[in-house]
Amino acid sequence: MTSKPSASRNRLVLGVYTAAIFVSALLLFSVQPLFTKMVLPRLGGSPAVWSVAMVFFQSLLLGGYAYAHFLMQIRNRAIPVAIHLVLLVIALTTLPLSIAGGWGEPPNSGYAFWLLGLFAVSIGLPFFALAANNPLLQAWFVRTGHPSGPDPYFLYASSNIGSFLALLSYPVLLEPMFTLRTQNLIWTSFYGLLIVLIASCGVLLLGSPAGAAALNMPTEGTDAPAPSWIVRARWIFLAAVPSGLLIAVTAHISTDVAAAPLLWVLPLSLYLLTWVLVFQSRPLLPHKWMLLAQPLAIAGVIILLAVGGEQNLLLTLGGHQLCFFVIAMACHGELARTRPPAKYLTGFYVALSFGGMVGGLFAGLIAPFTFSWVAEYPILLALAALCRPPGGDARLPRWSGWYWPFLAVLAVALIGPSYSPGKIMNWLDDYRVWMIGAVGVLSALLALGLNASRWKIFATVAVALVLLRAYPSDDGRVETVRSFFGVHKIVVTPSGQYHVLMHGTTIHGAEKFKNDDGTPVTGRPEPITYYHKDGGIGQAITAIRERKGAPLRVAVIGLGSGTLTCASQPGEDWKFFEIDQSMVDTAKDPKYFTYIQNCEPNLKPVIGDARLTFAREPDGIYDLIIVDAYSSDAIPIHLATEEAMKIYKDKLAPQGAVVMHVSNRHLELASVIVGIADANDMKSWVYSEDSGRDNEYIFSTSVVVSAREEADVGKLASSDVWAETEADENQRVWTDDYSNVLGAVYRRLRDGEQ
C-alpha cells in the first residue's frame, strides 16, 4: 500500500507547482503585447495586427494543449518530464525575442497570412512550450498524490491570475517605465527561472510514490464515463463565443483610440479575470448572478451600438468592456459548471483551446474577408444568447406560445419600412435609438421576466441587431469598404450636399458636392474638413510657399479622401504615401470624391508603410512634409517617434518644415511631437483653434510645425495663433523602443480638448 505524502511535502508541492504555473502564465500573456508592439511598425500600427496576433496565440495555445494531452497518455512518468524540459531548453536558445531575419518588410497583399508566418517563425517555439505548461503541470500535480489532486482546477485560476497581472502591468508599469529592449531582457530572464521551476516540479513528481495518483481520488471521478461528443461540442461553443467577442470588442474600441497595448490588454485582462473567478471553489460572483446579468449586458451593448456617434472615452471603453465581462462570465461559468473529473482534464483544456481558436479565426480572419462592415460583433453578441443553459418552465406559458408570431410581426413592422422610405421610415429613423433599445430590452425581459428559452432570446437579439443595420447611426446614405486596415464608411448626407469619409466615428475627409441653394459645385474642389486654407494645415502650406517664393516639393503621408491634392498649385511636385490600397481606390472613385480627378488625375501614391517607403526617398529634397496619419483617432505610434522625426528631417531640403496633424479626441499628441522634434534639434510651433464652422465640415485642428530654424516657417513664427513650444523636460521622448499611450490619454483627460 502506498503511504500518503507528509504535510510538509504537500505544502512544498503546492508552492512549487503554483509558482511554476503563475510564472508560466505571466510569461505567456506578457509576450503577447510585447512582441505585437515590436511588429506594429511593419503594418502601419493597424489594430488588425492585434486581431491576427490573437488568432496566432489562440491557435498555438491549442497546439500546446494538444501536445500536453498526448504527452500525458504516456504511462512512464519520466518521459513526459524529460521531453518537456528538452523543449523548454531548446526554446530558450531562440531568445531574446526578435523578428526573424527575412521578415522585415510585408508584401503588397495577404498581410494576415504574412503576419501569421512572422509570428510562427519568430516566437512560435517559446510560445508553444509555454502554452503546454498549464494543463501539463496540472496533470503532473494530480499524479503527485497531493490531497487537492482530485480537483486541480484551482491551479487554472492561479494561472489566470498570473496572466491577468501580466496584462494589467504591461500598460501601467512595463510600457511607461521600460524600453522594448529592457522588457525583452526581463522576459528572457523569467523564462530561465521558469525552466528551473518546471524542473523542480518534475523532480517532485518523480519523487512521489508510484501509486500516488490513486491517493485521495474519489471512485466516481475515476469511474466516470468519458464526456460525450455533444458535451465536448458544447464546451467548444461556450469557449468560442467569448473568444471571438474578445477580438471584436478589442477592434471596436481600438479603432477610435490607438493601436496600442493599453487598449488591447484591457479586454484581454477582463477575459482572463473571468477564468480566475469561475474556477474558484467558492466563486466571488456566483454563476446564477451572471446568468441573470447576461441578458442585461447583451441589451447594454445593443444600446451602445445604437447610440454610436462620438461617445466619450470612458463610455466607449467602460460600457463595452463591462458588458463583455458579464457575457464572458456567463459563458465561462457554464464551462466551469460542466467541467469533467480530473481524469479528463487535458481533454477538457483541448476543447477549450479549440473553441478559443475557432472564435478567434472567425473574428480575426474570416469575418474581415467576408463582410464589408464589422458584422462579427453583433453576430457573436446574438450567439451569446445561445450560451445560456437550457431554460426551465416558461412563466405565463399561455402567452409564451404566442411569442413567435408576435416577434415575426414586430420584425416586419420595424424592418419593412427601411425598404420604402417615407414618413414612417423617417419617424422610425428619428427614434432609432429608442426603437432598437426597446427591442434589446425586450430580449432581457424575456430572460428575466418570462424565463423564455434561449432561442427566443437569440431571435429577439437578432432582430435588434438587424435594426442597427437597417437604421444606421450616420445621417445619410452609407457605403462601407473593408480592408486589413479597417472599415471605411462613405456617408452621403441626406441632401447629397456632402460626401464624408469616416473610419469608426472619426471623419477622415469630406467634399462639398452641392451649394447651399442645391446647385452642383463646379470647378476645382475646395479643401475642407481639417485642410481648409484658414486651418492649421492650410496656413502652414501657405507660409512655407510664401517663404520659398517658388513652387514647392511636398511629401504627404496619408491620402484620406485625397483632399490635399487640391492644396497644390501648378508647377508643384506633390507625392503621396499611403498604406491602404482600398483607401486609394475610394479616393480615386469620382462617385465618392473628385479631389484627385480634378486636381491630380495622374496620381500614383506610394503604397506601403511610410516608415519603410518614405525612408527610401532621397535626402534633402522636400520643402514640406505633411504627416497626416493622425486624423483617425487610431494612431500609428511608430510615425510619432524620435527615429521617425529623424527620417523626416533627413528628407527635408534646407529651410524645409514638417507639419504633423495631431487632432485627436482621446490622446494629447502635440507635446509628443514637440518632444521628438526637440530630440532632433528642431523648433516647434503649435496651432490649435476651433473653426466654429463644423456645420460646413470645416473643423478645428491641432497641428505642430517643426523646422530647424525660426526663419524656415516664415510668417508662422510671428503669428498670434501659432505658439512656439518648448519640450517638456518631465515628459519622456517617444522612441521606437518606448511610448506611453496611457500618459497621452491622461493628459487629454486632464486638459480636455483644446
# chains A, B, ... in the order shown; residues from 1 in each chain; ligands from 1

call {"tool": "select_by_dssp", "arguments": {"residues": "region 566-746 of chain A", "states": "strand (DSSP E or B)", "output": "number ranges by chain"}}
result
A: 573-578, 606-607, 622-627, 635, 652-661, 683-689, 693, 698, 701-707, 723-724, 735, 738

call {"tool": "write_last_selection", "arguments": {"atoms": "N, CA and C atoms", "output": "tab-separated table (two decimals), in the first residue's frame"}}
result
chain	number	residue	atom	x	y	z
A	573	ASP	N	5.37	69.82	-57.07
A	573	ASP	CA	5.52	68.36	-57.10
A	573	ASP	C	5.07	67.81	-55.74
A	574	TRP	N	3.89	67.16	-55.74
A	574	TRP	CA	3.35	66.57	-54.51
A	574	TRP	C	3.35	65.06	-54.65
A	575	LYS	N	3.91	64.39	-53.64
A	575	LYS	CA	3.99	62.93	-53.66
A	575	LYS	C	3.29	62.38	-52.42
A	576	PHE	N	2.40	61.41	-52.62
A	576	PHE	CA	1.60	60.86	-51.52
A	576	PHE	C	2.05	59.44	-51.17
A	577	PHE	N	2.01	59.16	-49.87
A	577	PHE	CA	2.38	57.84	-49.34
A	577	PHE	C	1.19	57.31	-48.55
A	578	GLU	N	0.71	56.11	-48.90
A	578	GLU	CA	-0.49	55.54	-48.30
A	578	GLU	C	-0.31	54.04	-48.12
A	606	VAL	N	2.54	56.09	-53.37
A	606	VAL	CA	3.46	55.02	-52.99
A	606	VAL	C	2.74	54.18	-51.93
A	607	ILE	N	2.55	52.89	-52.20
A	607	ILE	CA	1.81	52.02	-51.29
A	607	ILE	C	2.77	51.31	-50.34
A	622	TYR	N	12.68	67.68	-49.93
A	622	TYR	CA	11.31	68.15	-49.72
A	622	TYR	C	11.28	69.48	-48.95
A	623	ASP	N	10.53	70.43	-49.50
A	623	ASP	CA	10.33	71.71	-48.81
A	623	ASP	C	9.34	71.55	-47.66
A	624	LEU	N	8.43	70.62	-47.82
A	624	LEU	CA	7.39	70.42	-46.82
A	624	LEU	C	7.01	68.95	-46.74
A	625	ILE	N	6.95	68.43	-45.53
A	625	ILE	CA	6.48	67.06	-45.30
A	625	ILE	C	5.25	67.16	-44.40
A	626	ILE	N	4.12	66.64	-44.89
A	626	ILE	CA	2.88	66.67	-44.12
A	626	ILE	C	2.58	65.25	-43.66
A	627	VAL	N	2.58	65.04	-42.35
A	627	VAL	CA	2.27	63.73	-41.78
A	627	VAL	C	0.83	63.79	-41.29
A	635	ILE	N	-4.08	55.91	-33.81
A	635	ILE	CA	-2.84	56.48	-34.34
A	635	ILE	C	-1.78	55.41	-34.56
A	652	LEU	N	14.16	66.57	-45.55
A	652	LEU	CA	13.86	67.98	-45.78
A	652	LEU	C	14.97	68.68	-46.54
A	653	ALA	N	14.56	69.56	-47.46
A	653	ALA	CA	15.51	70.46	-48.10
A	653	ALA	C	15.95	71.51	-47.08
A	654	PRO	N	17.04	72.24	-47.35
A	654	PRO	CA	17.39	73.35	-46.46
A	654	PRO	C	16.20	74.29	-46.32
A	655	GLN	N	15.90	74.70	-45.10
A	655	GLN	CA	14.76	75.56	-44.77
A	655	GLN	C	13.41	74.85	-44.90
A	656	GLY	N	13.41	73.52	-45.00
A	656	GLY	CA	12.16	72.78	-45.07
A	656	GLY	C	11.50	72.65	-43.70
A	657	ALA	N	10.24	72.19	-43.69
A	657	ALA	CA	9.48	72.05	-42.44
A	657	ALA	C	8.62	70.80	-42.47
A	658	VAL	N	8.34	70.30	-41.27
A	658	VAL	CA	7.48	69.13	-41.11
A	658	VAL	C	6.18	69.58	-40.45
A	659	VAL	N	5.04	69.23	-41.05
A	659	VAL	CA	3.73	69.55	-40.49
A	659	VAL	C	3.10	68.25	-40.00
A	660	MET	N	2.77	68.19	-38.73
A	660	MET	CA	2.17	66.99	-38.15
A	660	MET	C	0.74	67.32	-37.71
A	661	HIS	N	-0.23	66.58	-38.26
A	661	HIS	CA	-1.63	66.76	-37.88
A	661	HIS	C	-1.90	65.87	-36.67
A	683	LYS	N	12.92	73.16	-33.80
A	683	LYS	CA	11.99	74.01	-33.06
A	683	LYS	C	10.56	73.67	-33.50
A	684	SER	N	9.58	73.93	-32.62
A	684	SER	CA	8.20	73.57	-32.94
A	684	SER	C	7.23	74.70	-32.60
A	685	TRP	N	6.19	74.81	-33.45
A	685	TRP	CA	5.11	75.76	-33.23
A	685	TRP	C	3.79	74.99	-33.26
A	686	VAL	N	2.93	75.26	-32.28
A	686	VAL	CA	1.67	74.51	-32.14
A	686	VAL	C	0.49	75.41	-32.46
A	687	TYR	N	-0.42	74.88	-33.27
A	687	TYR	CA	-1.66	75.58	-33.62
A	687	TYR	C	-2.83	74.72	-33.17
A	688	SER	N	-3.77	75.32	-32.43
A	688	SER	CA	-4.96	74.60	-32.02
A	688	SER	C	-6.09	75.61	-31.86
A	689	GLU	N	-7.02	75.57	-32.80
A	689	GLU	CA	-8.08	76.57	-32.81
A	689	GLU	C	-9.37	75.99	-33.35
A	693	ARG	N	-17.04	76.22	-37.56
A	693	ARG	CA	-17.74	76.00	-38.83
A	693	ARG	C	-18.00	74.51	-39.07
A	698	ILE	N	-15.94	72.13	-41.84
A	698	ILE	CA	-14.64	72.77	-41.66
A	698	ILE	C	-14.36	72.72	-40.16
A	701	THR	N	-8.62	72.16	-35.75
A	701	THR	CA	-7.48	71.27	-35.93
A	701	THR	C	-6.39	71.58	-34.92
A	702	SER	N	-5.62	70.54	-34.61
A	702	SER	CA	-4.40	70.71	-33.83
A	702	SER	C	-3.24	70.29	-34.73
A	703	VAL	N	-2.29	71.19	-34.91
A	703	VAL	CA	-1.19	70.98	-35.85
A	703	VAL	C	0.11	71.42	-35.19
A	704	VAL	N	1.17	70.68	-35.46
A	704	VAL	CA	2.51	71.06	-35.00
A	704	VAL	C	3.41	71.20	-36.22
A	705	VAL	N	4.09	72.34	-36.34
A	705	VAL	CA	5.08	72.55	-37.40
A	705	VAL	C	6.45	72.55	-36.75
A	706	SER	N	7.36	71.76	-37.30
A	706	SER	CA	8.72	71.67	-36.76
A	706	SER	C	9.73	71.98	-37.87
A	707	ALA	N	10.76	72.75	-37.52
A	707	ALA	CA	11.78	73.12	-38.51
A	707	ALA	C	13.10	73.35	-37.79
A	723	ALA	N	1.95	79.06	-31.47
A	723	ALA	CA	2.75	79.24	-30.25
A	723	ALA	C	4.02	78.41	-30.33
A	724	GLU	N	5.16	79.11	-30.30
A	724	GLU	CA	6.42	78.35	-30.22
A	724	GLU	C	6.44	77.63	-28.87
A	735	THR	N	10.18	56.91	-28.52
A	735	THR	CA	11.12	56.33	-29.47
A	735	THR	C	10.53	55.04	-30.02
A	738	TYR	N	10.21	52.99	-27.04
A	738	TYR	CA	9.43	53.45	-25.88
A	738	TYR	C	8.29	54.37	-26.32

call {"tool": "closest_residue", "arguments": {"among": "A:Lys514, A:Lys591, A:Arg708, A:Arg232", "to": "Tyr349 (chain A)", "atoms": "only C-alpha atoms"}}
result
A:Arg232

call {"tool": "closest_atom_pairs", "arguments": {"of": "region 470-546 of chain A", "to": "region 355-365 of chain A", "cutoff": "12 Å", "atoms": "only C-alpha atoms", "output": "Markdown table"}}
result
| residue | atom | partner | partner_atom | distance |
| --- | --- | --- | --- | --- |
| A:Ser483 | CA | A:Leu365 | CA | 11.3 |
| A:Phe484 | CA | A:Leu365 | CA | 9.5 |
| A:Gly486 | CA | A:Gly364 | CA | 11.9 |

call {"tool": "residues_around", "arguments": {"residues": "Ile436 (chain A)", "least_positions_apart": "3", "cutoff": "10 Å", "atoms": "only C-alpha atoms", "output": "list in words"}}
result
Ala299, Ile302, Ile303, Leu305, Ala306, Val307, Leu414, Leu428, Tyr431, Arg432, Val433, Val439, Gly440, Val441, Leu442, Val461, Val463, Ala464, Leu465, Val466, Leu467, Leu468 and Tyr471 of chain A

call {"tool": "closest_residue", "arguments": {"among": "A:Ala20, A:Leu116, A:Val672, A:Leu304", "to": "Asn740 (chain A)", "atoms": "only C-alpha atoms"}}
result
A:Val672

call {"tool": "atom_distance", "arguments": {"atom1": "CA of Gly319 (chain A)", "atom2": "CA of Leu273 (chain A)"}}
result
17.1 Å

call {"tool": "atom_distance", "arguments": {"atom1": "CA of Leu12 (chain A)", "atom2": "CA of Gln138 (chain A)"}}
result
15.1 Å

call {"tool": "closest_residue", "arguments": {"among": "A:Ile195, A:Leu27, A:Leu168, A:Leu669", "to": "Leu88 (chain A)", "atoms": "only C-alpha atoms"}}
result
A:Ile195

call {"tool": "atom_distance", "arguments": {"atom1": "CA of Ile253 (chain A)", "atom2": "CA of Pro267 (chain A)"}}
result
9.5 Å

call {"tool": "select_by_dssp", "arguments": {"residues": "region 299-499 of chain A", "states": "helix (DSSP H, G or I)", "output": "number ranges by chain"}}
result
A: 299-307, 313-337, 342-370, 376-385, 397-400, 403-419, 423-430, 432-449, 454-470

call {"tool": "residues_around", "arguments": {"residues": "Leu71 (chain A)", "least_positions_apart": "6", "cutoff": "12 Å", "atoms": "only C-alpha atoms", "output": "mmCIF file with N, CA and C atoms, in the first residue's frame"}}
result
data_model
loop_
_atom_site.group_PDB
_atom_site.id
_atom_site.type_symbol
_atom_site.label_atom_id
_atom_site.label_comp_id
_atom_site.auth_asym_id
_atom_site.auth_seq_id
_atom_site.Cartn_x
_atom_site.Cartn_y
_atom_site.Cartn_z
ATOM 1 N N GLY A 64 -0.371 23.647 -28.002
ATOM 2 C CA GLY A 64 0.274 23.333 -26.727
ATOM 3 C C GLY A 64 -0.583 22.435 -25.859
ATOM 4 N N TYR A 65 -1.892 22.675 -25.822
ATOM 5 C CA TYR A 65 -2.790 21.848 -25.020
ATOM 6 C C TYR A 65 -2.884 20.431 -25.591
ATOM 7 N N ARG A 77 6.320 8.060 -16.126
ATOM 8 C CA ARG A 77 6.266 9.450 -15.678
ATOM 9 C C ARG A 77 7.494 10.242 -16.076
ATOM 10 N N ALA A 78 8.622 9.590 -16.247
ATOM 11 C CA ALA A 78 9.872 10.304 -16.518
ATOM 12 C C ALA A 78 9.936 10.840 -17.949
ATOM 13 N N ILE A 79 9.328 10.117 -18.887
ATOM 14 C CA ILE A 79 9.441 10.512 -20.300
ATOM 15 C C ILE A 79 8.805 11.875 -20.568
ATOM 16 N N PRO A 80 7.551 12.147 -20.116
ATOM 17 C CA PRO A 80 6.989 13.485 -20.349
ATOM 18 C C PRO A 80 7.828 14.604 -19.732
ATOM 19 N N VAL A 81 8.370 14.357 -18.529
ATOM 20 C CA VAL A 81 9.199 15.374 -17.878
ATOM 21 C C VAL A 81 10.434 15.663 -18.726
ATOM 22 N N ALA A 82 11.090 14.617 -19.185
ATOM 23 C CA ALA A 82 12.313 14.795 -19.975
ATOM 24 C C ALA A 82 12.016 15.504 -21.294
ATOM 25 N N ILE A 83 10.970 15.068 -21.997
ATOM 26 C CA ILE A 83 10.630 15.669 -23.296
ATOM 27 C C ILE A 83 10.333 17.157 -23.138
ATOM 28 N N HIS A 84 9.551 17.501 -22.109
ATOM 29 C CA HIS A 84 9.144 18.900 -21.968
ATOM 30 C C HIS A 84 10.316 19.782 -21.557
ATOM 31 N N ALA A 132 1.855 24.825 -23.346
ATOM 32 C CA ALA A 132 1.614 23.471 -22.836
ATOM 33 C C ALA A 132 1.685 23.388 -21.314
ATOM 34 N N ASN A 133 2.278 24.396 -20.676
ATOM 35 C CA ASN A 133 2.586 24.282 -19.249
ATOM 36 C C ASN A 133 1.365 24.134 -18.355
ATOM 37 N N PRO A 135 -1.946 22.914 -18.656
ATOM 38 C CA PRO A 135 -2.558 21.583 -18.485
ATOM 39 C C PRO A 135 -1.543 20.519 -18.084
ATOM 40 N N LEU A 136 -0.303 20.655 -18.565
ATOM 41 C CA LEU A 136 0.712 19.649 -18.271
ATOM 42 C C LEU A 136 1.045 19.640 -16.778
ATOM 43 N N LEU A 137 1.261 20.825 -16.214
ATOM 44 C CA LEU A 137 1.606 20.900 -14.796
ATOM 45 C C LEU A 137 0.431 20.487 -13.913
ATOM 46 N N ALA A 139 -1.760 18.196 -14.732
ATOM 47 C CA ALA A 139 -1.789 16.733 -14.821
ATOM 48 C C ALA A 139 -0.677 16.122 -13.957
ATOM 49 N N TRP A 140 0.502 16.746 -13.941
ATOM 50 C CA TRP A 140 1.578 16.273 -13.073
ATOM 51 C C TRP A 140 1.156 16.397 -11.605
ATOM 52 N N THR A 346 -7.013 17.104 -19.332
ATOM 53 C CA THR A 346 -6.301 17.605 -20.515
ATOM 54 C C THR A 346 -7.209 17.662 -21.736
ATOM 55 N N GLY A 347 -8.132 16.688 -21.855
ATOM 56 C CA GLY A 347 -9.077 16.719 -22.965
ATOM 57 C C GLY A 347 -10.018 17.916 -22.866
#

call {"tool": "residues_around", "arguments": {"residues": "Leu322 (chain A)", "least_positions_apart": "4", "cutoff": "10 Å", "atoms": "only C-alpha atoms", "output": "mmCIF file with N, CA, C and O atoms, in the first residue's frame"}}
result
data_model
loop_
_atom_site.group_PDB
_atom_site.id
_atom_site.type_symbol
_atom_site.label_atom_id
_atom_site.label_comp_id
_atom_site.auth_asym_id
_atom_site.auth_seq_id
_atom_site.Cartn_x
_atom_site.Cartn_y
_atom_site.Cartn_z
ATOM 1 N N PRO A 267 -9.475 44.489 -22.548
ATOM 2 C CA PRO A 267 -10.446 43.401 -22.725
ATOM 3 C C PRO A 267 -9.847 42.026 -22.421
ATOM 4 O O PRO A 267 -10.527 41.170 -21.850
ATOM 5 N N LEU A 270 -9.760 41.412 -18.717
ATOM 6 C CA LEU A 270 -11.088 41.050 -18.212
ATOM 7 C C LEU A 270 -11.441 39.621 -18.598
ATOM 8 O O LEU A 270 -12.032 38.876 -17.808
ATOM 9 N N ALA A 297 -26.575 42.664 -20.077
ATOM 10 C CA ALA A 297 -25.325 43.061 -20.739
ATOM 11 C C ALA A 297 -25.491 43.062 -22.257
ATOM 12 O O ALA A 297 -25.001 43.966 -22.950
ATOM 13 N N GLY A 300 -27.348 45.997 -23.132
ATOM 14 C CA GLY A 300 -26.483 47.170 -22.973
ATOM 15 C C GLY A 300 -25.628 47.421 -24.194
ATOM 16 O O GLY A 300 -25.474 48.576 -24.645
ATOM 17 N N VAL A 301 -25.046 46.362 -24.765
ATOM 18 C CA VAL A 301 -24.229 46.527 -25.972
ATOM 19 C C VAL A 301 -25.095 47.007 -27.135
ATOM 20 O O VAL A 301 -24.678 47.869 -27.929
ATOM 21 N N LEU A 317 -14.909 52.805 -23.638
ATOM 22 C CA LEU A 317 -14.089 51.767 -23.006
ATOM 23 C C LEU A 317 -14.871 51.018 -21.930
ATOM 24 O O LEU A 317 -14.892 49.789 -21.906
ATOM 25 N N GLY A 318 -15.498 51.775 -21.047
ATOM 26 C CA GLY A 318 -16.144 51.166 -19.892
ATOM 27 C C GLY A 318 -17.396 50.385 -20.229
ATOM 28 O O GLY A 318 -17.570 49.246 -19.771
ATOM 29 N N VAL A 326 -19.435 40.595 -18.334
ATOM 30 C CA VAL A 326 -20.597 39.849 -17.842
ATOM 31 C C VAL A 326 -20.919 38.688 -18.781
ATOM 32 O O VAL A 326 -21.186 37.556 -18.337
ATOM 33 N N ILE A 327 -20.887 38.943 -20.095
ATOM 34 C CA ILE A 327 -21.186 37.886 -21.073
ATOM 35 C C ILE A 327 -20.157 36.759 -20.969
ATOM 36 O O ILE A 327 -20.505 35.570 -20.974
ATOM 37 N N ALA A 328 -18.876 37.129 -20.879
ATOM 38 C CA ALA A 328 -17.821 36.115 -20.766
ATOM 39 C C ALA A 328 -17.942 35.340 -19.457
ATOM 40 O O ALA A 328 -17.712 34.120 -19.418
#

call {"tool": "residues_around", "arguments": {"residues": "Val478 (chain A)", "least_positions_apart": "4", "cutoff": "12 Å", "atoms": "only C-alpha atoms", "output": "list of chain:residue names"}}
result
A:Ser372, A:Trp373, A:Arg469, A:Ala470, A:Tyr471, A:Pro472, A:Ser473, A:Asp474, A:His488, A:Lys489, A:Ile490, A:Val491, A:Val492, A:Thr493, A:Pro494, A:Gly496, A:His499, A:Val500, A:Leu501, A:Met502, A:Tyr592

call {"tool": "decode", "arguments": {"residues": "region 184-192 of chain A", "atoms": "all heavy atoms", "output": "mmCIF file, in the first residue's frame"}}
result
data_model
loop_
_atom_site.group_PDB
_atom_site.id
_atom_site.type_symbol
_atom_site.label_atom_id
_atom_site.label_comp_id
_atom_site.auth_asym_id
_atom_site.auth_seq_id
_atom_site.Cartn_x
_atom_site.Cartn_y
_atom_site.Cartn_z
ATOM 1 N N ASN A 184 12.282 42.987 -23.057
ATOM 2 C CA ASN A 184 12.671 41.721 -23.676
ATOM 3 C C ASN A 184 13.656 40.957 -22.794
ATOM 4 O O ASN A 184 13.527 39.735 -22.584
ATOM 5 C CB ASN A 184 13.296 42.012 -25.050
ATOM 6 C CG ASN A 184 13.293 40.804 -25.961
ATOM 7 O OD1 ASN A 184 13.081 39.679 -25.529
ATOM 8 N ND2 ASN A 184 13.555 41.029 -27.227
ATOM 9 N N LEU A 185 14.645 41.671 -22.245
ATOM 10 C CA LEU A 185 15.648 41.021 -21.390
ATOM 11 C C LEU A 185 15.022 40.521 -20.081
ATOM 12 O O LEU A 185 15.359 39.442 -19.594
ATOM 13 C CB LEU A 185 16.792 41.999 -21.098
ATOM 14 C CG LEU A 185 17.664 42.381 -22.308
ATOM 15 C CD1 LEU A 185 18.667 43.452 -21.926
ATOM 16 C CD2 LEU A 185 18.378 41.143 -22.863
ATOM 17 N N ILE A 186 14.093 41.307 -19.516
ATOM 18 C CA ILE A 186 13.394 40.872 -18.302
ATOM 19 C C ILE A 186 12.610 39.597 -18.587
ATOM 20 O O ILE A 186 12.628 38.637 -17.804
ATOM 21 C CB ILE A 186 12.455 41.991 -17.793
ATOM 22 C CG1 ILE A 186 13.272 43.186 -17.295
ATOM 23 C CG2 ILE A 186 11.535 41.460 -16.687
ATOM 24 C CD1 ILE A 186 12.424 44.407 -16.958
ATOM 25 N N TRP A 187 11.918 39.588 -19.727
ATOM 26 C CA TRP A 187 11.112 38.421 -20.106
ATOM 27 C C TRP A 187 11.990 37.183 -20.269
ATOM 28 O O TRP A 187 11.649 36.089 -19.796
ATOM 29 C CB TRP A 187 10.363 38.722 -21.403
ATOM 30 C CG TRP A 187 9.270 37.751 -21.723
ATOM 31 C CD1 TRP A 187 7.966 37.818 -21.349
ATOM 32 C CD2 TRP A 187 9.397 36.539 -22.493
ATOM 33 N NE1 TRP A 187 7.256 36.735 -21.824
ATOM 34 C CE2 TRP A 187 8.112 35.928 -22.534
ATOM 35 C CE3 TRP A 187 10.456 35.919 -23.146
ATOM 36 C CZ2 TRP A 187 7.874 34.736 -23.203
ATOM 37 C CZ3 TRP A 187 10.221 34.722 -23.816
ATOM 38 C CH2 TRP A 187 8.945 34.139 -23.843
ATOM 39 N N THR A 188 13.131 37.340 -20.905
ATOM 40 C CA THR A 188 14.042 36.209 -21.120
ATOM 41 C C THR A 188 14.572 35.662 -19.793
ATOM 42 O O THR A 188 14.693 34.449 -19.600
ATOM 43 C CB THR A 188 15.216 36.638 -22.023
ATOM 44 O OG1 THR A 188 14.696 37.126 -23.270
ATOM 45 C CG2 THR A 188 16.153 35.476 -22.298
ATOM 46 N N SER A 189 14.867 36.564 -18.854
ATOM 47 C CA SER A 189 15.364 36.137 -17.537
ATOM 48 C C SER A 189 14.312 35.296 -16.813
ATOM 49 O O SER A 189 14.628 34.263 -16.209
ATOM 50 C CB SER A 189 15.725 37.364 -16.692
ATOM 51 O OG SER A 189 16.723 38.128 -17.336
ATOM 52 N N PHE A 190 13.063 35.737 -16.875
ATOM 53 C CA PHE A 190 11.992 34.981 -16.228
ATOM 54 C C PHE A 190 11.766 33.638 -16.914
ATOM 55 O O PHE A 190 11.348 32.668 -16.273
ATOM 56 C CB PHE A 190 10.699 35.804 -16.218
ATOM 57 C CG PHE A 190 10.548 36.672 -14.997
ATOM 58 C CD1 PHE A 190 11.097 37.942 -14.957
ATOM 59 C CD2 PHE A 190 9.880 36.208 -13.874
ATOM 60 C CE1 PHE A 190 10.974 38.737 -13.832
ATOM 61 C CE2 PHE A 190 9.743 36.995 -12.744
ATOM 62 C CZ PHE A 190 10.297 38.270 -12.718
ATOM 63 N N TYR A 191 12.035 33.566 -18.215
ATOM 64 C CA TYR A 191 11.908 32.287 -18.928
ATOM 65 C C TYR A 191 12.914 31.281 -18.368
ATOM 66 O O TYR A 191 12.605 30.097 -18.173
ATOM 67 C CB TYR A 191 12.136 32.492 -20.427
ATOM 68 C CG TYR A 191 11.583 31.378 -21.295
ATOM 69 C CD1 TYR A 191 10.326 31.475 -21.869
ATOM 70 C CD2 TYR A 191 12.332 30.223 -21.550
ATOM 71 C CE1 TYR A 191 9.811 30.466 -22.670
ATOM 72 C CE2 TYR A 191 11.826 29.204 -22.340
ATOM 73 C CZ TYR A 191 10.566 29.334 -22.905
ATOM 74 O OH TYR A 191 10.066 28.318 -23.685
ATOM 75 N N GLY A 192 14.139 31.769 -18.089
ATOM 76 C CA GLY A 192 15.141 30.896 -17.481
ATOM 77 C C GLY A 192 14.717 30.429 -16.099
ATOM 78 O O GLY A 192 14.883 29.256 -15.734
#
